[in-house]
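Asker: Data file target_9.txt (compact mmCIF, C-alpha atoms and all ligand atoms) is appended below.
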# COMPACT_ATOMS: atom_id res chain seq x y z
CA MET O 848 0.00 0.00 0.00
CA THR O 849 1.63 3.21 -1.20
CA ALA O 850 1.46 6.24 1.10
CA ARG O 851 1.50 9.54 -0.80
CA LEU O 852 2.47 12.81 0.83
CA VAL O 853 1.05 16.07 -0.51
CA THR O 854 3.11 18.88 0.96
CA GLY O 855 3.87 22.56 0.35
CA ILE O 856 0.18 23.41 0.80
CA GLY O 857 0.12 27.14 1.56
CA GLU O 858 -3.42 26.98 2.94
CA LEU O 859 -5.49 23.84 3.54
CA VAL O 860 -9.27 23.94 4.07
CA THR O 861 -10.24 20.83 6.04
CA HIS O 862 -13.59 21.49 7.81
CA ASP O 863 -11.80 19.89 10.80
CA GLU O 864 -12.70 21.68 14.03
CA ARG O 865 -9.18 21.11 15.38
CA PHE O 866 -7.94 23.77 12.97
CA ALA O 867 -8.55 27.50 12.65
CA GLY O 868 -11.76 29.37 11.86
CA PRO O 869 -15.10 28.22 10.47
CA LEU O 870 -13.42 26.25 7.66
CA GLY O 871 -10.75 24.51 9.77
CA VAL O 872 -7.83 26.09 7.93
CA LEU O 873 -4.21 25.01 8.38
CA ARG O 874 -1.29 26.98 6.88
CA ASP O 875 1.95 25.47 5.55
CA ALA O 876 0.23 22.13 5.66
CA ALA O 877 0.63 18.59 4.37
CA LEU O 878 -1.53 15.51 4.15
CA VAL O 879 -0.94 11.84 3.60
CA VAL O 880 -3.16 9.66 1.42
CA GLN O 881 -3.34 5.90 1.44
CA ASP O 882 -5.70 3.79 -0.66
CA GLY O 883 -7.55 6.94 -1.70
CA VAL O 884 -8.24 8.01 1.89
CA VAL O 885 -6.76 10.86 3.96
CA VAL O 886 -4.79 9.21 6.79
CA TRP O 887 -2.82 12.18 8.18
CA VAL O 888 -3.26 15.98 8.16
CA GLY O 889 -0.97 18.49 9.85
CA PRO O 890 1.84 21.02 9.55
CA ALA O 891 4.24 20.26 6.69
CA SER O 892 7.12 20.47 9.19
CA ALA O 893 5.71 17.47 11.08
CA ALA O 894 4.75 15.32 8.08
CA PRO O 895 5.63 11.62 8.28
CA ALA O 896 7.76 9.87 5.69
CA ALA O 897 5.86 8.50 2.68
CA ASP O 898 6.57 6.42 -0.42
CA ARG O 899 5.95 9.35 -2.75
CA ALA O 900 5.79 13.10 -2.20
CA ARG O 901 4.37 15.98 -4.18
CA ASP O 902 5.12 19.61 -3.34
CA LEU O 903 2.40 22.14 -4.28
CA GLY O 904 4.66 25.15 -3.89
CA GLY O 905 2.41 27.12 -1.55
CA ARG O 906 -0.85 26.69 -3.44
CA ALA O 907 -4.17 26.45 -1.59
CA VAL O 908 -6.05 23.14 -1.31
CA LEU O 909 -9.66 22.53 -0.34
CA PRO O 910 -12.00 19.52 -0.49
CA GLY O 911 -13.12 18.75 -4.04
CA PHE O 912 -16.42 20.46 -4.82
CA VAL O 913 -19.59 18.41 -4.32
CA ASP O 914 -22.02 19.39 -7.08
CA SER O 915 -25.22 17.97 -5.61
CA HIS O 916 -27.60 19.00 -8.42
CA THR O 917 -27.02 18.42 -12.16
CA HIS O 918 -28.92 17.22 -15.21
CA LEU O 919 -25.94 16.04 -17.27
CA VAL O 920 -27.50 13.33 -19.46
CA PHE O 921 -29.11 15.03 -22.44
CA ALA O 922 -28.75 15.83 -26.12
CA GLY O 923 -29.42 19.01 -28.08
CA ASP O 924 -28.89 22.72 -27.63
CA ARG O 925 -31.13 25.53 -26.39
CA SER O 926 -28.85 28.53 -26.81
CA ASP O 927 -31.63 30.25 -28.78
CA GLU O 928 -33.87 30.03 -25.70
CA PHE O 929 -31.09 31.53 -23.57
CA GLU O 930 -30.75 34.44 -25.96
CA ALA O 931 -34.50 35.03 -25.97
CA ARG O 932 -34.40 35.19 -22.15
CA MET O 933 -31.59 37.71 -22.24
CA ALA O 934 -33.89 39.76 -24.45
CA GLY O 935 -36.65 39.55 -21.82
CA ALA O 936 -38.53 36.26 -22.38
CA PRO O 937 -39.52 34.48 -19.14
CA TYR O 938 -38.50 30.90 -18.20
CA THR O 939 -41.53 28.60 -17.81
CA GLY O 940 -40.09 25.08 -18.15
CA GLY O 941 -41.68 24.73 -21.59
CA GLY O 942 -38.31 24.20 -23.30
CA ILE O 943 -37.69 20.95 -21.42
CA GLU O 944 -39.60 19.01 -24.06
CA ARG O 945 -37.20 20.16 -26.79
CA THR O 946 -34.40 18.49 -24.85
CA VAL O 947 -36.61 15.42 -24.33
CA ALA O 948 -37.11 15.07 -28.11
CA ALA O 949 -33.36 15.39 -28.81
CA THR O 950 -32.47 13.01 -25.97
CA ARG O 951 -34.92 10.30 -27.05
CA ALA O 952 -33.43 10.47 -30.56
CA ALA O 953 -29.81 10.15 -29.36
CA THR O 954 -27.96 6.84 -29.11
CA ASP O 955 -26.42 5.62 -25.87
CA ASP O 956 -22.96 6.38 -27.23
CA GLU O 957 -23.91 9.93 -28.15
CA LEU O 958 -25.34 10.55 -24.68
CA ARG O 959 -22.36 8.83 -23.05
CA ALA O 960 -19.87 11.01 -24.96
CA ARG O 961 -21.67 14.24 -24.01
CA LEU O 962 -21.93 13.12 -20.38
CA ALA O 963 -18.23 12.20 -20.24
CA ALA O 964 -17.25 15.58 -21.68
CA LEU O 965 -19.32 17.43 -19.09
CA VAL O 966 -17.97 15.32 -16.22
CA ALA O 967 -14.42 16.03 -17.44
CA GLU O 968 -15.22 19.73 -17.66
CA ALA O 969 -16.50 19.74 -14.06
CA HIS O 970 -13.48 17.77 -12.83
CA ALA O 971 -11.11 20.19 -14.53
CA GLN O 972 -12.70 22.91 -12.36
CA GLY O 973 -12.33 21.04 -9.07
CA THR O 974 -15.56 19.01 -8.82
CA THR O 975 -14.97 15.51 -7.47
CA THR O 976 -18.52 14.37 -6.56
CA LEU O 977 -21.52 14.87 -8.86
CA GLU O 978 -25.21 14.07 -8.58
CA VAL O 979 -26.88 13.39 -11.96
CA LYS O 980 -30.64 13.35 -12.64
CA SER O 981 -32.75 11.76 -15.35
CA GLY O 982 -35.75 13.80 -16.49
CA TYR O 983 -35.18 14.22 -20.23
CA GLY O 984 -36.76 10.88 -21.15
CA LEU O 985 -40.28 11.10 -19.72
CA ASP O 986 -41.09 7.60 -20.95
CA VAL O 987 -40.23 4.32 -19.27
CA PRO O 988 -37.39 3.10 -21.50
CA THR O 989 -35.68 6.48 -21.86
CA GLU O 990 -35.82 7.39 -18.15
CA ALA O 991 -34.29 3.99 -17.28
CA ARG O 992 -31.67 4.44 -20.02
CA LEU O 993 -30.64 7.87 -18.70
CA LEU O 994 -30.26 6.50 -15.17
CA ARG O 995 -28.16 3.58 -16.39
CA LEU O 996 -25.87 6.04 -18.19
CA ALA O 997 -25.72 8.34 -15.16
CA GLY O 998 -24.78 5.32 -13.05
CA GLU O 999 -21.68 4.84 -15.20
CA VAL O 1000 -20.25 8.12 -13.83
CA THR O 1001 -21.69 8.48 -10.31
CA ALA O 1002 -23.41 6.64 -7.47
CA GLU O 1003 -25.55 9.75 -6.89
CA THR O 1004 -28.27 9.10 -9.46
CA THR O 1005 -31.70 10.71 -9.23
CA PHE O 1006 -34.95 9.62 -10.88
CA LEU O 1007 -36.72 12.73 -12.21
CA GLY O 1008 -39.51 11.21 -14.28
CA ALA O 1009 -41.69 13.93 -12.70
CA HIS O 1010 -39.83 16.73 -14.46
CA VAL O 1011 -42.75 17.92 -16.62
CA VAL O 1012 -45.96 16.39 -17.96
CA PRO O 1013 -45.36 15.58 -21.65
CA THR O 1014 -47.57 17.58 -24.02
CA GLY O 1015 -50.72 15.72 -25.03
CA VAL O 1016 -50.57 13.34 -22.05
CA ASP O 1017 -53.26 13.53 -19.37
CA ARG O 1018 -51.72 14.76 -16.07
CA ALA O 1019 -53.27 12.03 -13.91
CA ASP O 1020 -52.27 9.35 -16.41
CA TYR O 1021 -48.70 10.62 -16.42
CA VAL O 1022 -48.44 10.65 -12.61
CA ALA O 1023 -49.80 7.07 -12.60
CA LEU O 1024 -47.11 6.10 -15.13
CA VAL O 1025 -44.36 7.76 -13.03
CA VAL O 1026 -45.36 6.04 -9.78
CA GLY O 1027 -46.07 2.73 -11.53
CA PRO O 1028 -44.06 1.21 -14.41
CA MET O 1029 -41.55 4.07 -14.62
CA LEU O 1030 -40.64 3.89 -10.93
CA ASP O 1031 -40.39 0.09 -11.16
CA ALA O 1032 -37.97 0.37 -14.10
CA CYS O 1033 -35.94 3.25 -12.65
CA ALA O 1034 -35.67 2.54 -8.92
CA PRO O 1035 -32.99 -0.15 -9.37
CA HIS O 1036 -30.76 2.45 -11.05
CA ALA O 1037 -31.39 5.39 -8.71
CA ARG O 1038 -30.42 6.42 -5.18
CA TRP O 1039 -32.78 9.41 -5.14
CA ALA O 1040 -36.10 10.63 -6.55
CA ASP O 1041 -36.94 14.24 -7.34
CA VAL O 1042 -39.97 16.17 -8.61
CA PHE O 1043 -40.34 19.61 -10.23
CA CYS O 1044 -42.99 20.98 -7.86
CA GLU O 1045 -43.95 24.38 -9.22
CA PRO O 1046 -47.70 25.04 -9.45
CA SER O 1047 -47.10 28.35 -11.24
CA SER O 1048 -45.69 26.43 -14.24
CA PRO O 1049 -48.31 24.70 -16.43
CA HIS O 1050 -45.69 22.04 -17.22
CA ALA O 1051 -44.57 21.07 -13.70
CA PHE O 1052 -46.35 19.36 -10.79
CA ASP O 1053 -48.65 20.69 -8.08
CA GLU O 1054 -48.51 19.81 -4.39
CA ASP O 1055 -50.75 16.74 -4.52
CA GLU O 1056 -49.04 15.35 -7.60
CA ALA O 1057 -45.60 15.93 -6.09
CA ARG O 1058 -46.63 14.27 -2.81
CA THR O 1059 -47.94 11.25 -4.73
CA VAL O 1060 -44.67 10.87 -6.64
CA LEU O 1061 -42.39 11.38 -3.63
CA THR O 1062 -44.39 9.09 -1.35
CA ALA O 1063 -44.27 6.28 -3.91
CA ALA O 1064 -40.52 6.83 -4.43
CA ALA O 1065 -39.86 6.68 -0.68
CA ARG O 1066 -41.86 3.42 -0.52
CA ALA O 1067 -39.59 2.08 -3.27
CA GLY O 1068 -36.59 2.85 -1.05
CA LEU O 1069 -35.36 6.04 -2.72
CA GLY O 1070 -34.17 9.13 -0.85
CA LEU O 1071 -36.03 12.33 -1.69
CA ARG O 1072 -35.09 15.66 -3.25
CA VAL O 1073 -37.42 18.46 -4.41
CA HIS O 1074 -37.13 21.13 -7.13
CA GLY O 1075 -39.27 23.85 -5.60
CA ASN O 1076 -39.86 27.57 -5.06
CA GLN O 1077 -37.92 28.40 -8.23
CA LEU O 1078 -40.39 30.48 -10.21
CA GLY O 1079 -42.55 31.75 -7.37
CA PRO O 1080 -43.77 30.92 -3.87
CA GLY O 1081 -45.17 27.39 -3.61
CA PRO O 1082 -45.46 24.20 -1.62
CA GLY O 1083 -42.01 22.75 -2.43
CA ALA O 1084 -40.21 23.71 0.77
CA ARG O 1085 -43.08 22.60 3.02
CA LEU O 1086 -43.34 19.30 1.18
CA ALA O 1087 -39.59 18.71 1.47
CA VAL O 1088 -39.85 19.19 5.24
CA GLU O 1089 -43.01 17.09 5.55
CA LEU O 1090 -41.57 14.13 3.64
CA GLY O 1091 -38.06 14.24 5.10
CA ALA O 1092 -36.33 15.13 1.83
CA ALA O 1093 -32.55 15.49 1.94
CA SER O 1094 -32.67 18.68 -0.10
CA LEU O 1095 -34.96 21.46 -1.30
CA ASP O 1096 -33.39 22.79 -4.49
CA HIS O 1097 -33.71 26.30 -5.97
CA GLY O 1098 -35.48 27.86 -2.94
CA THR O 1099 -35.46 31.25 -4.61
CA HIS O 1100 -38.97 32.27 -3.48
CA LEU O 1101 -39.38 31.29 0.18
CA THR O 1102 -41.92 32.83 2.55
CA ASP O 1103 -41.11 33.54 6.20
CA ALA O 1104 -43.20 30.47 7.07
CA ASP O 1105 -41.11 28.32 4.70
CA VAL O 1106 -37.87 29.55 6.28
CA ALA O 1107 -39.29 28.91 9.77
CA ALA O 1108 -40.32 25.35 8.80
CA LEU O 1109 -36.88 24.66 7.29
CA ALA O 1110 -35.20 26.09 10.39
CA ASP O 1111 -37.36 23.97 12.74
CA ALA O 1112 -36.46 20.86 10.78
CA ALA O 1113 -32.76 21.76 10.59
CA GLY O 1114 -32.00 20.39 14.06
CA HIS O 1115 -33.26 16.92 13.19
CA GLY O 1116 -32.04 16.08 9.71
CA GLY O 1117 -34.31 18.44 7.77
CA PRO O 1118 -33.61 19.40 4.17
CA VAL O 1119 -30.48 21.25 3.15
CA VAL O 1120 -31.47 24.14 0.86
CA THR O 1121 -29.46 23.83 -2.35
CA LEU O 1122 -29.17 27.20 -4.02
CA LEU O 1123 -28.45 27.29 -7.75
CA PRO O 1124 -27.37 30.84 -8.59
CA GLY O 1125 -26.29 29.92 -12.13
CA VAL O 1126 -30.03 29.61 -12.85
CA GLU O 1127 -30.76 33.17 -11.81
CA LEU O 1128 -27.72 34.32 -13.80
CA SER O 1129 -28.86 32.49 -16.93
CA THR O 1130 -32.55 33.34 -16.64
CA ARG O 1131 -31.93 36.95 -15.64
CA SER O 1132 -33.97 36.50 -12.44
CA PRO O 1133 -33.58 37.81 -8.90
CA PHE O 1134 -31.08 35.79 -6.86
CA PRO O 1135 -32.11 33.89 -3.69
CA ASP O 1136 -31.03 35.20 -0.29
CA ALA O 1137 -28.63 32.73 1.28
CA ARG O 1138 -27.92 34.88 4.30
CA ARG O 1139 -31.57 34.86 5.35
CA LEU O 1140 -31.45 31.04 5.45
CA LEU O 1141 -28.05 30.85 7.16
CA ASP O 1142 -29.11 33.40 9.80
CA ALA O 1143 -32.17 31.24 10.53
CA GLY O 1144 -29.93 28.19 11.05
CA VAL O 1145 -30.71 26.40 7.78
CA GLU O 1146 -27.87 24.54 6.08
CA VAL O 1147 -27.19 25.77 2.54
CA ALA O 1148 -25.47 24.03 -0.38
CA LEU O 1149 -24.39 25.59 -3.66
CA ALA O 1150 -24.64 23.56 -6.87
CA THR O 1151 -24.58 24.22 -10.62
CA ASP O 1152 -27.90 22.69 -11.79
CA CYS O 1153 -25.97 22.18 -15.06
CA ASN O 1154 -28.67 21.62 -17.73
CA PRO O 1155 -29.35 22.87 -21.26
CA GLY O 1156 -32.27 25.10 -20.21
CA THR O 1157 -31.69 27.21 -17.14
CA CYS O 1158 -27.92 27.03 -16.59
CA PHE O 1159 -25.45 25.37 -18.93
CA SER O 1160 -22.46 25.68 -16.60
CA THR O 1161 -20.45 22.98 -14.79
CA SER O 1162 -18.46 25.57 -12.85
CA MET O 1163 -18.59 25.31 -9.07
CA PRO O 1164 -16.06 28.17 -8.74
CA LEU O 1165 -18.58 30.35 -10.57
CA MET O 1166 -21.29 29.33 -8.08
CA VAL O 1167 -19.00 30.30 -5.17
CA ALA O 1168 -18.31 33.67 -6.79
CA LEU O 1169 -22.05 34.25 -7.39
CA GLY O 1170 -22.82 33.19 -3.82
CA VAL O 1171 -20.55 35.92 -2.51
CA ALA O 1172 -21.43 38.60 -5.05
CA HIS O 1173 -25.22 38.08 -5.20
CA LEU O 1174 -26.51 35.75 -2.45
CA ARG O 1175 -25.09 37.74 0.50
CA MET O 1176 -22.73 34.93 1.52
CA THR O 1177 -19.29 35.41 2.99
CA THR O 1178 -16.52 33.59 1.13
CA ASP O 1179 -16.31 31.15 4.05
CA GLN O 1180 -20.04 30.39 3.79
CA ALA O 1181 -19.91 29.94 0.01
CA VAL O 1182 -16.89 27.63 0.13
CA ARG O 1183 -18.51 25.56 2.88
CA ALA O 1184 -21.78 25.37 0.89
CA ALA O 1185 -19.95 24.16 -2.24
CA THR O 1186 -18.13 21.40 -0.36
CA LEU O 1187 -19.56 20.25 2.98
CA GLY O 1188 -23.03 21.65 2.21
CA GLY O 1189 -23.21 19.60 -0.98
CA ALA O 1190 -22.05 16.50 0.88
CA HIS O 1191 -24.79 16.98 3.49
CA ALA O 1192 -27.37 17.50 0.74
CA LEU O 1193 -26.36 14.05 -0.52
CA ARG O 1194 -26.16 12.67 3.04
CA ARG O 1195 -22.52 11.74 2.52
CA ASP O 1196 -19.94 11.88 5.29
CA ASP O 1197 -16.93 10.72 3.25
CA VAL O 1198 -16.66 13.72 0.92
CA GLY O 1199 -16.81 17.51 1.20
CA HIS O 1200 -14.15 17.67 3.94
CA LEU O 1201 -10.53 16.65 4.46
CA ARG O 1202 -10.65 15.21 7.95
CA ILE O 1203 -8.86 11.92 8.58
CA GLY O 1204 -10.92 9.18 6.95
CA ALA O 1205 -12.24 11.37 4.12
CA ARG O 1206 -11.97 10.34 0.52
CA ALA O 1207 -8.82 12.00 -0.85
CA ASP O 1208 -10.75 14.26 -3.21
CA LEU O 1209 -8.63 17.37 -3.45
CA CYS O 1210 -9.16 20.65 -5.25
CA VAL O 1211 -5.97 22.64 -5.75
CA LEU O 1212 -5.99 26.33 -6.59
CA ASP O 1213 -3.46 28.25 -8.64
CA ALA O 1214 -3.71 30.79 -5.83
CA PRO O 1215 -2.43 31.25 -2.28
CA THR O 1216 -5.88 31.24 -0.63
CA TYR O 1217 -9.40 29.89 -1.12
CA ARG O 1218 -10.57 33.52 -1.01
CA HIS O 1219 -9.46 33.83 -4.64
CA LEU O 1220 -12.43 31.65 -5.66
CA ALA O 1221 -14.67 34.68 -5.12
CA TYR O 1222 -12.04 37.33 -5.74
CA ARG O 1223 -11.09 36.06 -9.24
CA PRO O 1224 -14.42 35.16 -10.89
CA GLY O 1225 -14.17 33.43 -14.24
CA VAL O 1226 -10.44 32.70 -13.92
CA PRO O 1227 -9.66 28.96 -14.17
CA ILE O 1228 -7.68 28.61 -10.92
CA ALA O 1229 -9.37 25.46 -9.55
CA HIS O 1230 -8.52 21.90 -10.59
CA ALA O 1231 -9.16 18.45 -9.16
CA LEU O 1232 -5.79 17.08 -7.98
CA PRO O 1233 -5.12 13.41 -8.70
CA VAL O 1234 -3.23 11.73 -5.80
N1 LIG W 1301 -36.56 23.59 -13.13
C1 LIG W 1301 -36.56 22.47 -13.58
N2 LIG W 1301 -35.57 21.79 -14.17
C2 LIG W 1301 -34.30 22.37 -14.55
C3 LIG W 1301 -34.37 23.04 -15.87
C4 LIG W 1301 -34.54 22.08 -16.96
C5 LIG W 1301 -34.60 22.67 -18.34
O1 LIG W 1301 -35.09 23.79 -18.56
O2 LIG W 1301 -34.17 21.94 -19.26
C6 LIG W 1301 -33.79 23.27 -13.44
O3 LIG W 1301 -33.53 22.74 -12.38
O4 LIG W 1301 -33.66 24.48 -13.61
ZN ZN W 1302 -32.48 21.14 -11.66
As structure tokens, please, write out the structure in this file.
Answerer:
Amino acid sequence: MTARLVTGIGELVTHDERFAGPLGVLRDAALVVQDGVVVWVGPASAAPAADRARDLGGRAVLPGFVDSHTHLVFAGDRSDEFEARMAGAPYTGGGIERTVAATRAATDDELRARLAALVAEAHAQGTTTLEVKSGYGLDVPTEARLLRLAGEVTAETTFLGAHVVPTGVDRADYVALVVGPMLDACAPHARWADVFCEPSSPHAFDEDEARTVLTAAARAGLGLRVHGNQLGPGPGARLAVELGAASLDHGTHLTDADVAALADAAGHGGPVVTLLPGVELSTRSPFPDARRLLDAGVEVALATDCNPGTCFSTSMPLMVALGVAHLRMTTDQAVRAATLGGAHALRRDDVGHLRIGARADLCVLDAPTYRHLAYRPGVPIAHALPV
């Protein structure tokens, strides 16, 4: 078993309470990795001998980003829709079916190649754990196919058959399909189930429909996630609390009662709120208020939501920069949300931190401090570090 020493780390973010500040930061640090696991963390001057050593020359290291919300298996392009939005058109979810048509028509190898390219793009920017949803199939064989492909790149696969109701299909019939044959075909390939609960969209699902889908998914053994409160106030947050979902995603339009319910649940495993500021950037919409949630005691994650409609970006560094510039987060809060917050949204304790026992998923910065993630927006300073 080869022990690898990573030394010359100018600043190491660990999320280990033994070290300084809210992020557990250690300066002039080193760590030792064995079998892909962190086995020692401390000052470089006290590092043990190892079989191999790598000196990072004073660069900053943090846990690899945990992108806990993506839709990476799809075909097609909707850049025209993006441009229309920049010219003032609203986002309604109606474009999802264009991606469904292109995705159904694509071969496995075409989808696999696109997925691999997007995963590589995310990795090149420091992401080491990704969640991937289905939701661009909306029929039994295609939803199962998308989950099988997602499962080739991650264990964090999410069944999103309840993304929108396909045009021309009766709503009740579609919900029956999702909770019946589609769930049967997809559950073996999924860890999670999700629903786009947004009564203000004619395409998405209302409270009763969403509850039906999520309850059936939980019965099938899947963990729950909810797309909610994206386009306007709605039942998503309340439903996520009621059903014990791991995450309420978007959360842009939350009432005081929603925030209070999320805060009450926070002490006993309630949902993390996963904010997706790339969506507001790419739909020219008002950003959510992370500080309001954090001040109430709600755990927040930041994720990309990478998808062809509302945000075609795999960049977690961009989400950190947006969190600080537009969501009223401190840099510490945004970096925590993009690492440990994402891990908690996926109920994972082996990623998102660099305490002893963590997976050795490292993000190295071409910078002396993690603060440059917000300070240098758009500059490619973050990379996943193979060890
Ligand atoms: N809001 C619902 N689903 C995606 C967008 C999907 C699309 O427009 O293709 C989201 O999370 O933003
Ligand atoms: Zn999404």
Asker: If you count all atoms listed in the file, which residues end up within 12 Å of ligand ZN 1302 (chain W), as JSON, numbers by chain?
Answerer: {"O": [914, 915, 916, 917, 918, 919, 940, 943, 978, 979, 980, 981, 982, 983, 1005, 1006, 1007, 1009, 1010, 1011, 1041, 1042, 1043, 1044, 1072, 1073, 1074, 1075, 1076, 1077, 1094, 1095, 1096, 1097, 1098, 1121, 1122, 1123, 1124, 1125, 1126, 1150, 1151, 1152, 1153, 1154, 1155, 1156, 1157, 1158, 1159]}
Asker: Kindly save the residues from that selection, with C-alpha atoms included, as a CSV table (one decimal), keeping the file's coordinate frame.
Answerer:
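Result file is out-v9.csv:
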chain,number,residue,atom,x,y,z
O,914,ASP,CA,-22.0,19.4,-7.1
O,915,SER,CA,-25.2,18.0,-5.6
O,916,HIS,CA,-27.6,19.0,-8.4
O,917,THR,CA,-27.0,18.4,-12.2
O,918,HIS,CA,-28.9,17.2,-15.2
O,919,LEU,CA,-25.9,16.0,-17.3
O,940,GLY,CA,-40.1,25.1,-18.2
O,943,ILE,CA,-37.7,21.0,-21.4
O,978,GLU,CA,-25.2,14.1,-8.6
O,979,VAL,CA,-26.9,13.4,-12.0
O,980,LYS,CA,-30.6,13.4,-12.6
O,981,SER,CA,-32.8,11.8,-15.4
O,982,GLY,CA,-35.8,13.8,-16.5
O,983,TYR,CA,-35.2,14.2,-20.2
O,1005,THR,CA,-31.7,10.7,-9.2
O,1006,PHE,CA,-35.0,9.6,-10.9
O,1007,LEU,CA,-36.7,12.7,-12.2
O,1009,ALA,CA,-41.7,13.9,-12.7
O,1010,HIS,CA,-39.8,16.7,-14.5
O,1011,VAL,CA,-42.8,17.9,-16.6
O,1041,ASP,CA,-36.9,14.2,-7.3
O,1042,VAL,CA,-40.0,16.2,-8.6
O,1043,PHE,CA,-40.3,19.6,-10.2
O,1044,CYS,CA,-43.0,21.0,-7.9
O,1072,ARG,CA,-35.1,15.7,-3.2
O,1073,VAL,CA,-37.4,18.5,-4.4
O,1074,HIS,CA,-37.1,21.1,-7.1
O,1075,GLY,CA,-39.3,23.8,-5.6
O,1076,ASN,CA,-39.9,27.6,-5.1
O,1077,GLN,CA,-37.9,28.4,-8.2
O,1094,SER,CA,-32.7,18.7,-0.1
O,1095,LEU,CA,-35.0,21.5,-1.3
O,1096,ASP,CA,-33.4,22.8,-4.5
O,1097,HIS,CA,-33.7,26.3,-6.0
O,1098,GLY,CA,-35.5,27.9,-2.9
O,1121,THR,CA,-29.5,23.8,-2.4
O,1122,LEU,CA,-29.2,27.2,-4.0
O,1123,LEU,CA,-28.4,27.3,-7.8
O,1124,PRO,CA,-27.4,30.8,-8.6
O,1125,GLY,CA,-26.3,29.9,-12.1
O,1126,VAL,CA,-30.0,29.6,-12.8
O,1150,ALA,CA,-24.6,23.6,-6.9
O,1151,THR,CA,-24.6,24.2,-10.6
O,1152,ASP,CA,-27.9,22.7,-11.8
O,1153,CYS,CA,-26.0,22.2,-15.1
O,1154,ASN,CA,-28.7,21.6,-17.7
O,1155,PRO,CA,-29.4,22.9,-21.3
O,1156,GLY,CA,-32.3,25.1,-20.2
O,1157,THR,CA,-31.7,27.2,-17.1
O,1158,CYS,CA,-27.9,27.0,-16.6
O,1159,PHE,CA,-25.4,25.4,-18.9
Asker: Would you pick out the contacts of segment 900-908 of chain O at 8 Å or less, using all atoms listed in the file, so that residues sharing its chain but fewer than 2 positions from it are not included, and give the list as a PyMOL selection string?
Answerer: chain O and resi 851-860+875+897-898+910+1209-1217
Asker: How many Å separate atom CA of Thr1014 of chain O from atom CA of His1100 of chain O?
Answerer: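 Computing it gives 26.7 Å between the two atoms.
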Asker: Find the distance between atom CA of Val880 of chain O and atom CA of Ala850 of chain O and write it in Å to one decimal.
Answerer: 5.8 Å
Asker: Do you have the atom CA of Pro1049 of chain O-atom CA of Thr939 of chain O distance handy?
Answerer: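 Between atom CA of Pro1049 of chain O and atom CA of Thr939 of chain O the gap is 7.9 Å.
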Asker: Choose the residue, out of O:Arg961, O:Arg1085, O:Arg951, O:His1050, that has the smallest atom-to-atom separation from ligand LIG 1301 (chain W); count all atoms listed in the file.
Answerer: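 Closest residue, counting all atoms listed in the file: O:His1050.
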Asker: Around the point (-7.6, 9.9, -4.2) in the file's coordinates, collect all residues with an atom within 12 Å, using all atoms listed in the file, and return them as a ChimeraX atom specification.
Answerer: /O:849-853,878-886,910-911,975,1197-1198,1201,1204-1210,1231-1234
Asker: Measuring atom to atom with all atoms listed in the file, identify which of O:Val872, O:Ala948, O:Ala971, O:Leu909 is nearest to ligand LIG 1301 (chain W).
Answerer: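 Under the stated criterion, the closest residue is O:Ala948.
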Asker: Please return as JSON, numbers by chain every residue within 9 Å of (-26.4, 16.9, 4.2), taking into account only C-alpha atoms and the file's own coordinates.
Answerer: {"O": [1093, 1094, 1116, 1117, 1118, 1119, 1146, 1148, 1187, 1188, 1189, 1190, 1191, 1192, 1193, 1194, 1195, 1196]}
Asker: Include C-alpha atoms and write out the residues we just selected as a compact mmCIF listing (two decimals), keeping the file's coordinate frame.
Answerer:
# COMPACT_ATOMS: atom_id res chain seq x y z
CA ALA O 1093 -32.55 15.49 1.94
CA SER O 1094 -32.67 18.68 -0.10
CA GLY O 1116 -32.04 16.08 9.71
CA GLY O 1117 -34.31 18.44 7.77
CA PRO O 1118 -33.61 19.40 4.17
CA VAL O 1119 -30.48 21.25 3.15
CA GLU O 1146 -27.87 24.54 6.08
CA ALA O 1148 -25.47 24.03 -0.38
CA LEU O 1187 -19.56 20.25 2.98
CA GLY O 1188 -23.03 21.65 2.21
CA GLY O 1189 -23.21 19.60 -0.98
CA ALA O 1190 -22.05 16.50 0.88
CA HIS O 1191 -24.79 16.98 3.49
CA ALA O 1192 -27.37 17.50 0.74
CA LEU O 1193 -26.36 14.05 -0.52
CA ARG O 1194 -26.16 12.67 3.04
CA ARG O 1195 -22.52 11.74 2.52
CA ASP O 1196 -19.94 11.88 5.29
Asker: Which of these residues is nearest to ligand LIG 1301 (chain W), using all atoms listed in the file: O:Ile1203, O:Ala934, O:Leu994, O:Val947?
Answerer: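 Answer, going by the shortest atom-to-atom distance: O:Val947.
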